[in-house]
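All remarks here apply to the structure that follows.
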Amino acid sequence: MNNLDIQYFFQFDNNEQLAYPLQFNEKKMELISLKENVLPKWTDLEFHQCQHCPLDSSKIKSCPVATNLIPFIKLCGDLNSYKSVDVEVRTSERIYSIKNTTTQRAFSSLLGLIIASSPCPHVNFFKPMARFHIPLANDKETLYRAIGSYLLMQYFKAKSSQTIDLELEGLKQIYKDIQIVNSSMAIRLREAGRNDAPINSIILLDLFAKEITYSIDEALQELEYLYKNLINIT
Amino acid sequence: MHKIMIVDDEENILKALKRTLRINKNWTVTTFNHAEEALHCAMNNEFDLFISDYRMPEIDGVDFLTAVKKLQPDAIRIILSGYTELDALMGAINHAEIFRFITKPCDEELLIHTIEQALAYKDILVENKQLADQVRQQQKKLEKQKQQLNEYEKQHPDLLHVDWAEDGTIILDSQLK
């Protein structure tokens, strides 16, 4: 089995350093996580279960996303969200270095990667994007990647003679669905965290989801100039 | 037109909130990601509603809204925060006298509805104040007129006194009875 490694390193103003290594099953793009002996209550599937959750609580006791967040809470549960931090993210291809950002932004990026690589049916769309993770991507970069990935999905659907969606309605629905996941995770993180960094991280993540559902058409207009010379636009 | 100020140290949140509130053309939204700059603006500009994050560097949302309450006591105050510690809530209610404490991430419809309620409440408070002022002024006027009437009566007791006869007619000269 091929595994993919990504490591997040955080250095704070007071020289405190934190490391968060992640390993993924590259084929399924799912996070390989250590099994915890005792799972906290906030990870129970039925604890603020997402209203659109298709999982059967009689068969699955724990929320797969929440379970993957246990080490995340252990790492940043006590941090405050506006603390300044330098972040280094190492992948097999390259090292990303982001200086002087806030804890909430840094952890938001990490949180997005953890959620995307969880075995939850509502996050499957994000797995290809997780495979080509860009740490601390801004809203325009995220939008570009999401739309690009969605259209690539349509290409593969067309190849297997399935109905395709070039109006991006399906993408809007995906992001509406992920907002429900984010809301549930926010409640769980609020229950689990001692300080506000975890909560504010998911809030930031949720902003991207809202941005896409709210203003995808506006955002597309902002990207149109990049393609002007490639196509005939009158 | 209602003027709304939003303060949050995270630029993306301000952008998202501004975009959400664009839905109502009667709202002018001003945003700040530094509470001190926001306070400086509040010293010179009147707002109907202040919305603040709770956890911010340098000055937290409760302190900011408490300061704003002194500057503009008629404005409504809302805290929008991911943090829900009891101490924070108590401070917000007791010191900043907030209208609502909304948790993040918040439902956009709920936020808009809360703002509509807050501004409607503000309009009622302003109207009540105006009506109360009006009543006070009228009362003052009436008091003055009453005073003038009393003075006049002292000086000219007969002018204001009316003699009625049994048949309902007015007796102009009682000596002619």
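Residue numbering restarts at 1 in every chain; chains get A, B, ... in the order shown in the structure tokens, and ligands count up from 1 in that same order.
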Query raised in the report: Quick one: which residues from chain A are at most 6 Å off chain B, using only C-alpha atoms, as a list of chain:residue names?
Result: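 Close to chain B, chain A has A:Asp196, A:Ile199, A:Ile203.
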File of the preceding selection, N, CA, C and O atoms, as a short mmCIF file (atom, residue, chain, number, x, y, z; two decimals), in the first residue's frame:
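The resulting result_37.cif:
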```cif
data_model
loop_
_atom_site.label_atom_id
_atom_site.label_comp_id
_atom_site.auth_asym_id
_atom_site.auth_seq_id
_atom_site.Cartn_x
_atom_site.Cartn_y
_atom_site.Cartn_z
N ASP A 196 -10.29 28.98 21.98
CA ASP A 196 -11.11 29.22 20.79
C ASP A 196 -10.46 28.88 19.45
O ASP A 196 -11.10 29.03 18.41
N ILE A 199 -12.45 26.14 17.32
CA ILE A 199 -13.72 26.67 16.81
C ILE A 199 -13.49 27.67 15.70
O ILE A 199 -14.14 27.61 14.65
N ILE A 203 -14.69 27.77 11.73
CA ILE A 203 -15.46 28.92 11.23
C ILE A 203 -14.85 29.43 9.94
O ILE A 203 -15.56 29.71 8.97
#
```
Report task. Pick out the residues sitting within 8 Å of Met185 (chain A), and hand them over as a PyMOL selection string; count only C-alpha atoms, and ignore anything fewer than 3 positions along from it in its own chain. Result -> chain A and resi 66+181-182+188-189+202
Report task. Can you work out which one of B:Ile76, B:Ile170, B:Ala35, B:Leu119 has the shortest atom-to-atom distance to Asp8 (chain B), counting only C-alpha atoms? Result ->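 Distance minimum relative to Asp8 (chain B) lands on B:Ala35.
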Please report, as a JSON list (two decimals) with N, CA and C atoms, in the first residue's frame, each residue of region 41-212 of chain A to which DSSP assigns strand (DSSP E or B) when run on this structure's backbone.
```json
[["chain", "number", "residue", "atom", "x", "y", "z"],
["A", 44, "ASP", "N", -19.31, 10.75, 19.49],
["A", 44, "ASP", "CA", -20.41, 9.82, 19.22],
["A", 44, "ASP", "C", -21.15, 10.26, 17.98],
["A", 62, "SER", "N", -19.33, 5.90, 16.18],
["A", 62, "SER", "CA", -18.63, 7.20, 16.20],
["A", 62, "SER", "C", -18.66, 7.90, 14.86],
["A", 84, "SER", "N", 0.06, 34.62, 16.85],
["A", 84, "SER", "CA", 0.82, 34.63, 15.61],
["A", 84, "SER", "C", 1.67, 33.35, 15.49],
["A", 85, "VAL", "N", 1.76, 32.82, 14.26],
["A", 85, "VAL", "CA", 2.48, 31.56, 14.08],
["A", 85, "VAL", "C", 3.14, 31.50, 12.70],
["A", 86, "ASP", "N", 4.30, 30.84, 12.61],
["A", 86, "ASP", "CA", 4.92, 30.51, 11.33],
["A", 86, "ASP", "C", 4.60, 29.05, 11.05],
["A", 87, "VAL", "N", 4.23, 28.76, 9.81],
["A", 87, "VAL", "CA", 3.83, 27.39, 9.48],
["A", 87, "VAL", "C", 4.74, 26.85, 8.38],
["A", 88, "GLU", "N", 5.13, 25.60, 8.54],
["A", 88, "GLU", "CA", 5.87, 24.92, 7.46],
["A", 88, "GLU", "C", 5.13, 23.62, 7.19],
["A", 89, "VAL", "N", 4.86, 23.39, 5.92],
["A", 89, "VAL", "CA", 4.15, 22.15, 5.54],
["A", 89, "VAL", "C", 5.03, 21.39, 4.56],
["A", 90, "ARG", "N", 5.35, 20.17, 4.95],
["A", 90, "ARG", "CA", 6.25, 19.35, 4.10],
["A", 90, "ARG", "C", 5.45, 18.25, 3.44],
["A", 95, "ILE", "N", 8.30, 21.96, 0.11],
["A", 95, "ILE", "CA", 8.02, 22.53, 1.45],
["A", 95, "ILE", "C", 7.35, 23.88, 1.25],
["A", 96, "TYR", "N", 6.24, 24.06, 1.95],
["A", 96, "TYR", "CA", 5.57, 25.35, 1.93],
["A", 96, "TYR", "C", 5.92, 26.05, 3.23],
["A", 97, "SER", "N", 6.25, 27.35, 3.11],
["A", 97, "SER", "CA", 6.56, 28.10, 4.33],
["A", 97, "SER", "C", 5.70, 29.34, 4.38],
["A", 98, "ILE", "N", 4.94, 29.48, 5.42],
["A", 98, "ILE", "CA", 4.06, 30.65, 5.56],
["A", 98, "ILE", "C", 4.44, 31.34, 6.86],
["A", 99, "LYS", "N", 4.85, 32.60, 6.71],
["A", 99, "LYS", "CA", 5.33, 33.33, 7.90],
["A", 99, "LYS", "C", 4.21, 34.20, 8.46],
["A", 100, "ASN", "N", 4.21, 34.31, 9.78],
["A", 100, "ASN", "CA", 3.40, 35.31, 10.45],
["A", 100, "ASN", "C", 1.92, 35.29, 10.06],
["A", 101, "THR", "N", 1.31, 34.14, 10.25],
["A", 101, "THR", "CA", -0.14, 34.08, 10.05],
["A", 101, "THR", "C", -0.76, 33.88, 11.43],
["A", 102, "THR", "N", -2.07, 33.74, 11.47],
["A", 102, "THR", "CA", -2.71, 33.53, 12.78],
["A", 102, "THR", "C", -2.95, 32.04, 13.00]]
```
**Report entry** Shortest interatomic distance to Glu211 (chain A) - which of A:Phe24, A:Tyr225, A:Phe12, A:Tyr175, counting only C-alpha atoms
**Finding:**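 For Glu211 (chain A), the nearest of the given residues is A:Tyr175.
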What lies within 6 Å of Lys127 (chain A) using only C-alpha atoms, ignoring chain neighbours under 2 positions off, as a PDB file with C-alpha atoms, in the first residue's frame?
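Result went into out-v9.pdb, see below:
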```pdb
ATOM      1  CA  MET A  29      -6.976   9.382   0.141  1.00  0.00           C
ATOM      2  CA  ALA A 116     -11.447  16.028   3.585  1.00  0.00           C
ATOM      3  CA  SER A 117      -9.592  12.790   4.193  1.00  0.00           C
ATOM      4  CA  ASN A 124     -15.655  12.432  -0.710  1.00  0.00           C
ATOM      5  CA  PHE A 125     -15.617  15.226  -3.288  1.00  0.00           C
ATOM      6  CA  MET A 129      -8.187  18.205  -3.597  1.00  0.00           C
ATOM      7  CA  ALA A 130      -6.673  16.761  -0.423  1.00  0.00           C
TER       8      ALA A 130
END
```
